[in-house]
Amino acid sequence: MPSTHKASKSVAEKTRLRILAAAEKVFAQVGYRAMTLREVTKQAGVNLAAVNYHFGSKTNLMRALLRERFDPINEMRLQMLDEYASRHAPKAIPLEDIYDALFRPLFTGSDFSPVEDRMLIKIIGRALTEPAEFMSDLHRDLFAELSQRFITEIQRACPHLSHEQILYRFFLSVSTMIGTVIEQVRLENISDGKLSGRKLDRVLEEMTHFVVAGFRQE
């Protein structure tokens with residue numbers, strides 16, 4: 001009996017993952033507004049009941065999809081930030097290390113480079129074109145606590161800046177990160193092919209210098 005339960009659980013998990021893969025493909029192609037559960041079920045080879053069973057709604061499916069993608073990256077960010085905090089305690093974490101913890105997991109990951117994952121780049125690009133209320137809700141789910149943790153550490157490292165200045169500059173630094181991820185080819189274009197966006201360590205180094213410099217100004 002236990003083996004039967006385990007087998008059925010495995011089948012259910014495979015179905016769930018198939019639905020997520022199909023949703024990812026459809027979202028990357030057409031975005032959230034045009035994405036339909038009918039198309040997702042068609043791509044996944046399942047019926048609507050399976051989607052309802054595993055996710056309950058289109059919004060919950062999308063939330064699960066983005067969590068599947070971003071939770072490992074965010075966990076790595078927090079782990080790196082904790083390591084830097086321990087290394088520098090009781091002093092504030094240097095800005096260079098704070099932004100290394102924020103940027104590097106998106107660019108290098110653990111066993112692969114998320115930035116070289118074309119589907120993830122499409123998902124990020126699509127998310128930027130979605131309605132503000134849609135992204136606002138998902139941001140609260142996925143990034144609000146993470147952002148607050150980084151903002152707190154930045155405030156400790158930059159006591160010369162007001163909280164308002166910190167928020168503006170954190171927003172601009174995150175926008176720089178997102179733009180760098182989805183516009184890698186632009187670096188090659190403006191440098192007439194002399195520079196490559198695929199040299200990730202170099203891109204990370206320059207982006208970190210650029211962002212950190214913005215926090216040095218009062």
# chains A, B, ... in the order shown; residues from 1 in each chain; ligands from 1
$ residues_around --residues "Arg202 (chain A)" --least-positions-apart "6" --cutoff "12 Å" --atoms "only C-alpha atoms" --output "PyMOL selection string"
chain A and resi 104+107+187+195-196+208-209
$ write_last_selection --atoms "C-alpha atoms" --output "short mmCIF file (atom, residue, chain, number, x, y, z; two decimals), in the first residue's frame"
data_model
loop_
_atom_site.label_atom_id
_atom_site.label_comp_id
_atom_site.auth_asym_id
_atom_site.auth_seq_id
_atom_site.Cartn_x
_atom_site.Cartn_y
_atom_site.Cartn_z
CA ARG A 104 25.17 37.37 -8.52
CA PHE A 107 23.55 35.94 -13.12
CA LEU A 187 26.02 45.99 -24.99
CA LEU A 195 32.06 43.86 -25.67
CA SER A 196 29.88 40.86 -24.88
CA THR A 208 28.18 46.65 -9.16
CA HIS A 209 30.68 49.53 -9.50
#
$ select_by_dssp --residues "region 74-190 of chain A" --states "helix (DSSP H, G or I)" --output "ChimeraX atom specification"
/A:74-88,95-108,114-116,118-127,132-142,144-157,163-182,184-190
$ closest_atom_pairs --of "region 117-179 of chain A" --to "region 9-31 of chain A" --cutoff "7 Å" --atoms "only C-alpha atoms" --output "Markdown table"
| residue | atom | partner | partner_atom | distance |
| --- | --- | --- | --- | --- |
| A:Lys122 | CA | A:Ala28 | CA | 5.5 |
| A:Ile123 | CA | A:Ala28 | CA | 5.2 |
| A:Arg126 | CA | A:Gly31 | CA | 5.8 |
$ residues_around --residues "Asp71 (chain A)" --least-positions-apart "4" --cutoff "12 Å" --atoms "only C-alpha atoms" --output "PyMOL selection string"
chain A and resi 63-67+75-78+105-106+109+141-143+146
$ write_last_selection --atoms "C-alpha atoms" --output "PDB file, in the first residue's frame"
ATOM      1  CA  ARG A  63       2.193  32.578  -8.624  1.00  0.00           C
ATOM      2  CA  ALA A  64       3.419  28.969  -8.447  1.00  0.00           C
ATOM      3  CA  LEU A  65       5.249  29.355 -11.754  1.00  0.00           C
ATOM      4  CA  LEU A  66       7.137  32.443 -10.629  1.00  0.00           C
ATOM      5  CA  ARG A  67       7.896  30.898  -7.245  1.00  0.00           C
ATOM      6  CA  GLU A  75      17.064  31.860  -1.199  1.00  0.00           C
ATOM      7  CA  MET A  76      20.601  32.095  -2.539  1.00  0.00           C
ATOM      8  CA  ARG A  77      20.501  35.887  -2.221  1.00  0.00           C
ATOM      9  CA  LEU A  78      19.527  35.706   1.435  1.00  0.00           C
ATOM     10  CA  PRO A 105      22.490  34.680  -7.933  1.00  0.00           C
ATOM     11  CA  LEU A 106      20.479  35.985 -10.883  1.00  0.00           C
ATOM     12  CA  GLY A 109      22.931  30.682  -9.904  1.00  0.00           C
ATOM     13  CA  ASP A 141       4.459  37.612  -2.643  1.00  0.00           C
ATOM     14  CA  LEU A 142       7.922  37.139  -4.096  1.00  0.00           C
ATOM     15  CA  PHE A 143      10.078  40.166  -3.373  1.00  0.00           C
ATOM     16  CA  LEU A 146      13.597  40.213   0.280  1.00  0.00           C
TER      17      LEU A 146
END
$ closest_atom_pairs --of "region 177-215 of chain A" --to "region 157-165 of chain A" --cutoff "12 Å" --atoms "only C-alpha atoms" --output "tab-separated table"
residue	atom	partner	partner_atom	distance
A:Val212	CA	A:Cys158	CA	10.5
A:Ala213	CA	A:Cys158	CA	11.8
A:Gly214	CA	A:Gln165	CA	10.5
A:Phe215	CA	A:Cys158	CA	7.4
$ write_last_selection --atoms "N, CA and C atoms" --output "mmCIF file, in the first residue's frame"
data_model
loop_
_atom_site.group_PDB
_atom_site.id
_atom_site.type_symbol
_atom_site.label_atom_id
_atom_site.label_comp_id
_atom_site.auth_asym_id
_atom_site.auth_seq_id
_atom_site.Cartn_x
_atom_site.Cartn_y
_atom_site.Cartn_z
ATOM 1 N N VAL A 212 26.950 50.982 -6.932
ATOM 2 C CA VAL A 212 27.538 51.407 -5.656
ATOM 3 C C VAL A 212 27.938 52.888 -5.707
ATOM 4 N N ALA A 213 28.446 53.334 -6.844
ATOM 5 C CA ALA A 213 28.838 54.735 -6.980
ATOM 6 C C ALA A 213 27.663 55.663 -6.761
ATOM 7 N N GLY A 214 26.471 55.226 -7.153
ATOM 8 C CA GLY A 214 25.276 56.031 -6.968
ATOM 9 C C GLY A 214 24.918 56.257 -5.506
ATOM 10 N N PHE A 215 25.330 55.353 -4.640
ATOM 11 C CA PHE A 215 25.044 55.480 -3.214
ATOM 12 C C PHE A 215 26.095 56.311 -2.480
#
$ atom_distance --atom1 "CA of Met62 (chain A)" --atom2 "CA of Ser147 (chain A)"
20.7 Å
$ atom_distance --atom1 "CA of Phe150 (chain A)" --atom2 "CA of Lys91 (chain A)"
15.4 Å
$ atom_distance --atom1 "CA of Lys58 (chain A)" --atom2 "CA of Val40 (chain A)"
9.8 Å
